[in-house]
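Accompanying notes for the structure given below.
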Amino acid sequence: MDDIRKPPVDAVLVGFGWTGAIMGMELTEAGLNVVALERGENRDTSPDFAYPRIADELTYGIRHELFQDLSRETLTIRHAPRDRAVPYRQFGSFMPGNGVGGGGVHWNGQHWRVLPEELRLKSHITERYGAGFIPDGMTIQDFGVSYEELEPCFDQFERVCGTSGKAGNLNGEQVAGGNPFEGPRSREFPLPPLADAYGATLFAAAAKNLGYHPFSEPASNASRAYTNPHGAQLGPCNFCGYCERFGCYKYAKASPQTTLLPVLLKRPNFELRAQANVVRINLDSSGKRATGVTYIDAQGRTVHQPAEIVVLCAYQLNNTRLLLQSGIGQPYDPGTGQGVVGRNYTYQMTGGVQVFFGKDKPMNPFIGSGAGGQVIDDFNGDHFDHAPLGFIGGGYIGVIQTGGRPIQQMSLPKGTPQWGSAWKQAIKDHYLYTVNIQTHGTIMSHRDNYLDLDPTYRDSYGQPLLRMTFDFKENDIRMTHFVTGKAKEIAEGMGGRSVEVKMKQFGDHYDTRIYQTTHNVGGAIMGEDPGSSVVNRYLQAWDAHNVFVMGSSVFPQNIGYNPLGLAGALTYWSAKAIRTAYLKTPGPLA
Amino acid sequence: MKTPARITPLHLLVATIVAVAFVVVPLPTWSSGQSAPATDELVQRGAYLARAGDCLACHIAQQGKPFAGGLPFDVKVGTVYSTNITPDRETGIGLYSRDDFVKVMRKGVAKDGRRLYSAMPYPSFAKVSPEDLAALYAYFMQGVTPVRAPARRAHLSWPLGSRSLLAVWNALYFKKGEYAADPRQSDSWNRGAYLVQGLGHCGACHTPRGIAGQEKAGSERDGANYLAGAALDDWYATSLRGEAVTGLAAWSQDELVESLRSGRTARVAATGMMADVVAKSTQYLTDPDLMAIAEYLKSLPADDQDVKGSGDSRLQADADHAATRALKTGETGMRGSRIYLDNCCACHHSDGAGAQRIFPNLVRNESVNTKDPVSLIHLLLAGSAMPSTQTAPSAIAMPDFGWRLSDEDLADVLSFIRASWGNHAPAVKSEQVARVRKSLAKNERTLLRRDINGGSR
């Protein structure tokens with residue numbers, strides 16, 4: 001069968017989730033002809049997330065209807081370079097999205113920015129604690145872009161999403177009720193915070209008693225009906241508790257479908273091709289400029305799509321893999337520390353404390369929203385003195401009641417039988433009367449945590465799988481012990497009958513069977529030096545000036561917050577650079 | 001969702017024939033009177049008027065090319081198809097002179113002399129001014145891309161195709177003559193009346209039909225039947241007159257403009273067939289034209305035959321209403337209230353008020369309170385979506401519940417909605433639901449057959 005050659009376009013987007021949709025909007029607005037290629041199927045609120053079919057935990061929560069098909073394409077994982085990596089065949093630790101909207105369909109809506117000091121982490125730590133504070137083997141860097149530069153992009157993304165929350169810092173002025181530690185915002189959130197579940201109010205009161213500063217988590221689950229600057233509409237969240245792993249039937253959760261696609265899909269200079277799996281970025285004879293991409297369509301045909309600009313908007317793992325497969329940038333070698341592509345893969349550290357209450361305090365866990373609730377930022381970033389603690393990083397602590405689904409959201413005390421009458425009795429005793437406090441924090445980048453191509457395993461297209469080499473390090477276990485310890489102190493002040501702490505212990509290895517977060521980052525990191533980064537501060541590849549890489553693949557290490565707000569803002573930042581500088585004079589921007 | 005037909009179900013033999021207009025194929029005979037090339041401005045104006053007339057509503061097939069026709073219309077005695085009105089010389093209207101065009105628009109007589117059936121709303125188009133017809137002609141000849149698409153043959157049972165009856169029909173029901181301004185009214189009122197009665201052909205859906213399928217009234221001068229609401233194709237086009245709850249009494253002119261422009265207001269939304277009208281036609285009208293339409297419609301008094309309401313136009317639902325309280329406490333005595341709680345409450349909420357611009361308010365909503373519940377039944381069975389428009393791009397959709405709820409369940413929940421929060425409409429019977437369910441299933445089967453046979457065009 002002959003390959004198909006499509007007419008050239010100005011820009012091709014590889015992947016069509018949040019970053020693809022944002023980039024599509026921005027580049028079509030600049031007048032470019034844009035084609036988006038999405039490996040998964042096309043989806044929209046109607047009919048794919050229609051009420052009440054979507055509120056089906058077995059189909060979507062357990063059988064992962066909306067996620068990547070691991071039988072066709074996955075990655076291999078190992079703990080250390082000396083180990084043999086094996087394929088990730090069943091979802092556990094993280095769950096990459098698939099299809100139009102990507103993870104933007106089934107995220108929770110926890111819409112944070114970033115702490116200013118996290119964008120220049122290495123410089124900040126060095127300035128405050130000295131270069132010697134950074135342990136051997138830790139490879140943290142600065143992002144190369146400042147919070148002030150990104151502020152308009154954060155703001156724009158929040159307007160698009162109708163984010164609900166309360167500012168704590170407006171143009172440098174502290175505002176009561178918000179997060180006192182956050183970077184300055186140029187204006188208030190577009191919507192007021194979501195209402196709190198009872199458990200969240202108990203948490204806030206207990207945290208305040210200890211002198212901490214609780215505030216409402218920024219949520220892209222609309223607290224009111226909302227029309228965004230593009231005219232797209234969101235409905236008010238009704239706390240149905242089906243955010244994470246599900247599409248939102250109520251148009252309440254910000255997603256590409258609710259906020260951007262109603263406008264973008266109608267633009268004549270935009271085309272979406274679903275079930276188009278990009279296998280390679282093509283380069284010209286110099287090897288320094290992309291000529292387009294090659295993909296396999298739904299019929300299995302090989303299709304060449306020439307383009308002037310290639311923007312990688314796939315999931316973090318796939319962006320990195322495509323660069324490796326296409327020979328853009330030097331692959332990272334952990335032995336020598338040389339090379340950049342695959343370097344600084346990191347993850348996030350989660351922990352938690354369960355508080356079991358008596359039957360006089362029903363928590364009604366079925367009243368849930370993916371984000372919203374009360375959190376504290378007192379132990380995130382560098383809001384506390386790390387000098388005596390011996391670790392770098394931090395996290396937020398909070399009660400975010402995401403739902404009370406029957407299969408996965410039944411919290412029971414340790415030692416409860418897994419089945420039978422005792423289990424049933426325990427469900428009766430605890431389902432309504434339990435609060436989960438979460439801790440959500442950083443993992444720093446380390447020299448031997450990285451990504452490369454697997455020498456053995458291939459996907460259904462015959463392409464080598466990505467190989468992840470990752471394990472927890474002492475720095476990050478120390479962080480979670482400290483932060484989760486603080487969560488326990490708050491928990492003990494909430495008036496429950498007992499508390500139970502869940503966190504990683506020293507010596508624990510990364511366990512891919514247990515869900516942690518789908519906040520994989522790094523592999524194609526941004527920075528100011530081509531020797532230690534894949535893309536420059538505008539997310540432009542150092543080694544091919546017409547290739548841009550979006551998403552959390554560019555984070556040099558992980559932040560304490562959920563990454564989407566930063567990934568979205570960086571996309572607007574990069575799009576602005578393309579529009580204002582690159583289109584005028586195509587070439588390296590930095 | 002596209003329903004197969006936009007014409008009313010016609011009750012009589014003659015009425016049925018009316019829909020066959022689309023089978024007319026212009027003969028390729030040369031006619032004098034070809035006009036000189038029109039100015040761009042004239043073509044632009046024609047394009048605007050073609051949207052005002054919603055020509056595309058009928059003259060495009062699903063996934064078809066604009067104005068190439070081929071949309072099937074299910075009539076009681078068979079299927080007919082809209083024709084190709086692109087300027088293709090062989091299969092379209094490329095050989096029509098301006099006079100031919102005027103004749104077909106105003107008199108319903110095709111170039112070859114055959115009479116059109118009034119499914120082509122020429123009784124409305126007869127009111128269009130000569131200047132506007134000239135602009136439309138310029139647009140169709142020079143602004144539309146010719147498409148070669150031969151007319152699809154109608155499938156009708158004999159002897160209903162007989163055209164000789166049409167002359168009789170015309171003699172009985174067709175009022176010739178272009179729109180005559182009412183000097184007692186404002187210019188904008190007259191502009192609105194001209195658009196509503198003429199190109200807009202609002203009466204085609206909103207005016208009840210008589211025994212021969214004729215619209216019972218062609219303008220406000222013909223009395224209270226004009227735009228008084230009518231059933232058609234398992235929808236009910238609500239009254240555009242001034243009834244308190246079932247008509248437009250509670251609507252401001254601004255709300256009417258907003259609804260026609262965006263397909264939604266703070267309170268309600270256009271769904272079903274009206275969503276298609278907004279998407280293809282009214283969203284493109286200028287503000288002065290939309291204001292004029294609103295002014296005209298708001299001047300139509302209530303139909304005396306209709307039940308008089310209190311005229312209360314509160315937008316806010318009553319949080320203390322018994323139905324709201326019952327839903328909030330879960331003390332759902334009425335069977336329908338329990339079904340509401342499990343299926344509707346997620347979006348329309350316990351006070352029935354929904355959310356502004358996105359989930360329609362059910363309280364004192366004209367579609368909810370109209371005596372004929374067919375639209376509500378249709379909506380619950382099959383779902384529907386708001387139109388995606390330039391000013392409101394989100395096609396917010398109501399899901400289908402026909403797969404999930406029985407006829408009895410649907411009747412019960414509708415009866416509950418129609419009796420709660422101050423609504424006062426007759427209960428819905430399960431037999432009414434069953435009839436619509438059957439009709440929708442039949443249309444779906446017909447559509448499926450057409451898809452399978454689609455290659456034969």
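Lettering and numbering for the structure tokens are positional, with chains as A, B, ... in the shown order, residues counted from 1 in each chain, and ligands counted from 1 in the shown order.
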Taking 4 positions as the minimum chain separation for residues in the same chain, which residues sit within 10 Å of Ser259 (chain B) when counting only C-alpha atoms? Answer as a PyMOL selection string.
chain B and resi 253-255+263-270+275+278+282-283+290
With only C-alpha atoms considered, list every residue of chain B at most 9 Å from chain A, as number ranges by chain.
B: 343, 346-347, 349, 355-359, 385, 388, 390-400
Take the residues that were just selected and, keeping N, CA and C atoms, output them as a PDB file, in the first residue's frame.
ATOM      1  N   ASN B 343     -33.454  11.614  37.561  1.00  0.00           N
ATOM      2  CA  ASN B 343     -33.084  11.824  36.160  1.00  0.00           C
ATOM      3  C   ASN B 343     -32.898  13.290  35.760  1.00  0.00           C
ATOM      4  N   ALA B 346     -30.352  16.614  38.444  1.00  0.00           N
ATOM      5  CA  ALA B 346     -28.916  16.878  38.320  1.00  0.00           C
ATOM      6  C   ALA B 346     -28.664  18.194  37.594  1.00  0.00           C
ATOM      7  N   CYS B 347     -29.454  18.506  36.604  1.00  0.00           N
ATOM      8  CA  CYS B 347     -29.234  19.739  35.849  1.00  0.00           C
ATOM      9  C   CYS B 347     -30.309  20.798  36.100  1.00  0.00           C
ATOM     10  N   HIS B 349     -32.284  20.971  38.719  1.00  0.00           N
ATOM     11  CA  HIS B 349     -32.260  21.283  40.146  1.00  0.00           C
ATOM     12  C   HIS B 349     -33.627  21.126  40.813  1.00  0.00           C
ATOM     13  N   ALA B 355     -30.046  26.448  35.372  1.00  0.00           N
ATOM     14  CA  ALA B 355     -28.977  27.432  35.545  1.00  0.00           C
ATOM     15  C   ALA B 355     -28.988  28.347  34.343  1.00  0.00           C
ATOM     16  N   GLN B 356     -28.703  29.621  34.593  1.00  0.00           N
ATOM     17  CA  GLN B 356     -28.843  30.645  33.558  1.00  0.00           C
ATOM     18  C   GLN B 356     -28.125  30.300  32.266  1.00  0.00           C
ATOM     19  N   ARG B 357     -28.838  30.370  31.197  1.00  0.00           N
ATOM     20  CA  ARG B 357     -28.339  30.195  29.821  1.00  0.00           C
ATOM     21  C   ARG B 357     -27.908  28.771  29.500  1.00  0.00           C
ATOM     22  N   ILE B 358     -27.867  27.883  30.479  1.00  0.00           N
ATOM     23  CA  ILE B 358     -27.318  26.568  30.159  1.00  0.00           C
ATOM     24  C   ILE B 358     -28.302  25.438  30.411  1.00  0.00           C
ATOM     25  N   PHE B 359     -28.983  25.457  31.558  1.00  0.00           N
ATOM     26  CA  PHE B 359     -29.991  24.435  31.815  1.00  0.00           C
ATOM     27  C   PHE B 359     -31.340  25.130  31.960  1.00  0.00           C
ATOM     28  N   ALA B 385     -30.293  19.375  21.353  1.00  0.00           N
ATOM     29  CA  ALA B 385     -29.179  20.262  21.708  1.00  0.00           C
ATOM     30  C   ALA B 385     -29.492  21.679  21.288  1.00  0.00           C
ATOM     31  N   SER B 388     -25.230  25.622  18.024  1.00  0.00           N
ATOM     32  CA  SER B 388     -23.950  26.296  18.219  1.00  0.00           C
ATOM     33  C   SER B 388     -23.972  27.546  17.355  1.00  0.00           C
ATOM     34  N   GLN B 390     -22.669  31.864  16.617  1.00  0.00           N
ATOM     35  CA  GLN B 390     -21.484  32.721  16.682  1.00  0.00           C
ATOM     36  C   GLN B 390     -21.311  33.339  18.059  1.00  0.00           C
ATOM     37  N   THR B 391     -22.424  33.724  18.685  1.00  0.00           N
ATOM     38  CA  THR B 391     -22.315  34.381  19.986  1.00  0.00           C
ATOM     39  C   THR B 391     -22.403  33.394  21.132  1.00  0.00           C
ATOM     40  N   ALA B 392     -22.872  32.185  20.885  1.00  0.00           N
ATOM     41  CA  ALA B 392     -22.967  31.161  21.930  1.00  0.00           C
ATOM     42  C   ALA B 392     -22.614  29.819  21.304  1.00  0.00           C
ATOM     43  N   PRO B 393     -21.303  29.538  21.239  1.00  0.00           N
ATOM     44  CA  PRO B 393     -20.873  28.368  20.466  1.00  0.00           C
ATOM     45  C   PRO B 393     -21.159  27.012  21.109  1.00  0.00           C
ATOM     46  N   SER B 394     -21.455  26.982  22.404  1.00  0.00           N
ATOM     47  CA  SER B 394     -21.627  25.679  23.071  1.00  0.00           C
ATOM     48  C   SER B 394     -22.979  25.062  22.719  1.00  0.00           C
ATOM     49  N   ALA B 395     -22.928  23.896  22.107  1.00  0.00           N
ATOM     50  CA  ALA B 395     -24.169  23.190  21.754  1.00  0.00           C
ATOM     51  C   ALA B 395     -24.594  22.329  22.943  1.00  0.00           C
ATOM     52  N   ILE B 396     -25.045  23.002  23.985  1.00  0.00           N
ATOM     53  CA  ILE B 396     -25.407  22.298  25.224  1.00  0.00           C
ATOM     54  C   ILE B 396     -26.546  21.320  24.912  1.00  0.00           C
ATOM     55  N   ALA B 397     -26.346  20.070  25.317  1.00  0.00           N
ATOM     56  CA  ALA B 397     -27.307  19.040  24.929  1.00  0.00           C
ATOM     57  C   ALA B 397     -28.050  18.472  26.130  1.00  0.00           C
ATOM     58  N   MET B 398     -29.316  18.177  25.892  1.00  0.00           N
ATOM     59  CA  MET B 398     -30.120  17.417  26.847  1.00  0.00           C
ATOM     60  C   MET B 398     -30.046  15.964  26.390  1.00  0.00           C
ATOM     61  N   PRO B 399     -29.656  15.040  27.281  1.00  0.00           N
ATOM     62  CA  PRO B 399     -29.537  13.641  26.851  1.00  0.00           C
ATOM     63  C   PRO B 399     -30.886  12.983  26.590  1.00  0.00           C
ATOM     64  N   ASP B 400     -30.858  11.849  25.936  1.00  0.00           N
ATOM     65  CA  ASP B 400     -32.065  11.068  25.686  1.00  0.00           C
ATOM     66  C   ASP B 400     -32.354  10.171  26.894  1.00  0.00           C
TER      67      ASP B 400
END
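Across the model, the gap from CA of Ala541 (chain A) to CA of Thr585 (chain A) is 15.8 Å.
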What lies within 8 Å of Ser186 (chain A) using only C-alpha atoms, ignoring chain neighbours under 5 positions off, as a count of residues only?
5
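The set of residues in region 298-393 of chain A assigned to alpha helix (DSSP H) by DSSP, using only backbone atoms of this structure, is Gln316, Leu317, Asn318, Asn319, Thr320, Arg321, Leu322, Leu323, Leu324, Gln325 and Ser326 of chain A.
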Selection above as a file: N, CA and C atoms, as an mmCIF file, in the first residue's frame:
data_model
loop_
_atom_site.group_PDB
_atom_site.id
_atom_site.type_symbol
_atom_site.label_atom_id
_atom_site.label_comp_id
_atom_site.auth_asym_id
_atom_site.auth_seq_id
_atom_site.Cartn_x
_atom_site.Cartn_y
_atom_site.Cartn_z
ATOM 1 N N GLN A 316 3.112 13.607 28.429
ATOM 2 C CA GLN A 316 4.534 13.766 28.747
ATOM 3 C C GLN A 316 5.375 12.599 28.254
ATOM 4 N N LEU A 317 4.901 11.377 28.506
ATOM 5 C CA LEU A 317 5.683 10.197 28.131
ATOM 6 C C LEU A 317 5.818 10.120 26.615
ATOM 7 N N ASN A 318 4.736 10.422 25.903
ATOM 8 C CA ASN A 318 4.758 10.304 24.449
ATOM 9 C C ASN A 318 5.551 11.401 23.762
ATOM 10 N N ASN A 319 5.513 12.601 24.333
ATOM 11 C CA ASN A 319 6.356 13.663 23.767
ATOM 12 C C ASN A 319 7.821 13.249 23.800
ATOM 13 N N THR A 320 8.221 12.737 24.959
ATOM 14 C CA THR A 320 9.615 12.321 25.108
ATOM 15 C C THR A 320 9.940 11.189 24.150
ATOM 16 N N ARG A 321 9.026 10.249 24.061
ATOM 17 C CA ARG A 321 9.254 9.092 23.194
ATOM 18 C C ARG A 321 9.380 9.502 21.729
ATOM 19 N N LEU A 322 8.526 10.435 21.296
ATOM 20 C CA LEU A 322 8.576 10.873 19.900
ATOM 21 C C LEU A 322 9.898 11.557 19.573
ATOM 22 N N LEU A 323 10.415 12.332 20.513
ATOM 23 C CA LEU A 323 11.714 12.977 20.292
ATOM 24 C C LEU A 323 12.810 11.928 20.163
ATOM 25 N N LEU A 324 12.755 10.921 21.031
ATOM 26 C CA LEU A 324 13.755 9.861 20.981
ATOM 27 C C LEU A 324 13.652 9.083 19.662
ATOM 28 N N GLN A 325 12.419 8.763 19.281
ATOM 29 C CA GLN A 325 12.216 7.992 18.047
ATOM 30 C C GLN A 325 12.646 8.770 16.812
ATOM 31 N N SER A 326 12.521 10.098 16.886
ATOM 32 C CA SER A 326 12.782 10.917 15.715
ATOM 33 C C SER A 326 14.209 11.436 15.669
#
Counting only C-alpha atoms, which residue out of B:Thr207, B:Ser82, B:Ser129, B:Asn190 sits closest to Gly177 (chain B)?
B:Ser129
Strand (DSSP E) call set, DSSP backbone run, region 337-413 of chain A, as a PyMOL selection string:
chain A and resi 349-356+374-376+395-399
Generate a file of the selected residues that holds C-alpha atoms, formatted as a PDB file, in the first residue's frame.
ATOM      1  CA  MET A 349       4.655  12.075  46.181  1.00  0.00           C
ATOM      2  CA  THR A 350       1.263  11.519  47.732  1.00  0.00           C
ATOM      3  CA  GLY A 351       0.303  10.536  51.222  1.00  0.00           C
ATOM      4  CA  GLY A 352      -2.698  10.849  53.435  1.00  0.00           C
ATOM      5  CA  VAL A 353      -4.380  10.603  56.780  1.00  0.00           C
ATOM      6  CA  GLN A 354      -7.760   9.018  57.299  1.00  0.00           C
ATOM      7  CA  VAL A 355      -9.919  10.311  60.109  1.00  0.00           C
ATOM      8  CA  PHE A 356     -12.649   7.967  61.294  1.00  0.00           C
ATOM      9  CA  GLN A 374      -9.883  23.303  52.063  1.00  0.00           C
ATOM     10  CA  VAL A 375      -6.125  23.123  51.824  1.00  0.00           C
ATOM     11  CA  ILE A 376      -3.050  24.651  53.428  1.00  0.00           C
ATOM     12  CA  GLY A 395       3.501  19.794  49.342  1.00  0.00           C
ATOM     13  CA  TYR A 396       0.013  20.954  50.131  1.00  0.00           C
ATOM     14  CA  ILE A 397      -2.295  19.317  52.630  1.00  0.00           C
ATOM     15  CA  GLY A 398      -6.056  19.331  52.294  1.00  0.00           C
ATOM     16  CA  VAL A 399      -9.458  17.742  52.347  1.00  0.00           C
TER      17      VAL A 399
END
Non-local contacts of Asp529 (chain A) (10 Å; only C-alpha atoms; under 4 positions in same chain excluded) as a list of chain:residue names
A:Gly144, A:Ser533, A:Val534, A:Val535, A:Asn536, A:Arg537, A:Trp542, A:Ala590
Env of Pro301 (chain B): 10 Å cut, atoms = only C-alpha atoms, seq-sep filter 3 positions within chain, self excluded. Answer as a JSON list (two decimals) with C-alpha atoms, in the first residue's frame.
[["chain", "number", "residue", "atom", "x", "y", "z"],
["B", 220, "GLU", "CA", -52.08, 39.27, 12.08],
["B", 223, "GLY", "CA", -57.03, 36.83, 13.28],
["B", 224, "ALA", "CA", -55.92, 34.92, 16.33],
["B", 228, "ALA", "CA", -50.88, 30.62, 17.58],
["B", 240, "LEU", "CA", -45.65, 33.41, 19.28],
["B", 241, "ARG", "CA", -48.59, 35.46, 20.50],
["B", 242, "GLY", "CA", -49.09, 37.17, 23.83],
["B", 243, "GLU", "CA", -50.42, 34.34, 25.99],
["B", 247, "GLY", "CA", -46.97, 32.41, 24.65],
["B", 248, "LEU", "CA", -44.59, 35.34, 24.67],
["B", 249, "ALA", "CA", -46.15, 37.51, 27.38],
["B", 297, "LEU", "CA", -44.18, 39.45, 17.56],
["B", 298, "LYS", "CA", -44.69, 41.27, 20.85],
["B", 304, "ASP", "CA", -58.60, 34.25, 23.05]]
Mind checking which residues fall within 7 Å of Ala353 (chain B), counting only C-alpha atoms, ignoring those fewer than 3 positions away in the same chain, and posting them as a PDB file with C-alpha atoms, in the first residue's frame?
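New file around_33.pdb:
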ATOM      1  CA  ALA B 317     -38.286  29.842  40.824  1.00  0.00           C
ATOM      2  CA  HIS B 348     -32.659  21.353  36.347  1.00  0.00           C
ATOM      3  CA  HIS B 349     -32.260  21.283  40.146  1.00  0.00           C
ATOM      4  CA  ASN B 361     -35.758  26.939  33.672  1.00  0.00           C
ATOM      5  CA  LEU B 362     -38.800  24.648  33.771  1.00  0.00           C
ATOM      6  CA  VAL B 363     -40.860  27.069  35.818  1.00  0.00           C
TER       7      VAL B 363
END
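Nearest to Ser411 (chain A) of all the residues A:Gly300, A:Pro365, A:Pro464, A:Pro87 is A:Pro365, based on only C-alpha atoms.
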Got a sec: who's within 9 Å of Trp403 (chain B), counting only C-alpha atoms, leaving out chain neighbours fewer than 2 positions off, as a PyMOL selection string?
chain B and resi 381-382+400-401+405-406
Prev. selection, N, CA and C atoms, output as a short mmCIF file (atom, residue, chain, number, x, y, z; two decimals), in the first residue's frame:
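Okay, this is what ended up in result_5.cif:
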data_model
loop_
_atom_site.label_atom_id
_atom_site.label_comp_id
_atom_site.auth_asym_id
_atom_site.auth_seq_id
_atom_site.Cartn_x
_atom_site.Cartn_y
_atom_site.Cartn_z
N LEU B 381 -37.59 11.67 25.19
CA LEU B 381 -37.29 10.40 24.53
C LEU B 381 -35.96 10.45 23.79
N ALA B 382 -35.77 11.51 23.02
CA ALA B 382 -34.65 11.53 22.07
C ALA B 382 -33.54 12.51 22.41
N ASP B 400 -30.86 11.85 25.94
CA ASP B 400 -32.06 11.07 25.69
C ASP B 400 -32.35 10.17 26.89
N PHE B 401 -33.62 10.01 27.18
CA PHE B 401 -34.02 9.13 28.28
C PHE B 401 -34.94 8.00 27.83
N LEU B 405 -36.32 5.14 30.45
CA LEU B 405 -37.59 5.34 31.13
C LEU B 405 -38.74 4.80 30.27
N SER B 406 -39.68 4.16 30.93
CA SER B 406 -40.84 3.60 30.24
C SER B 406 -41.82 4.72 29.88
#
Among A:Tyr198, A:Phe67, A:Tyr450, A:Phe181, Gly373 (chain A) is approached most closely, using only C-alpha atoms, by A:Tyr198
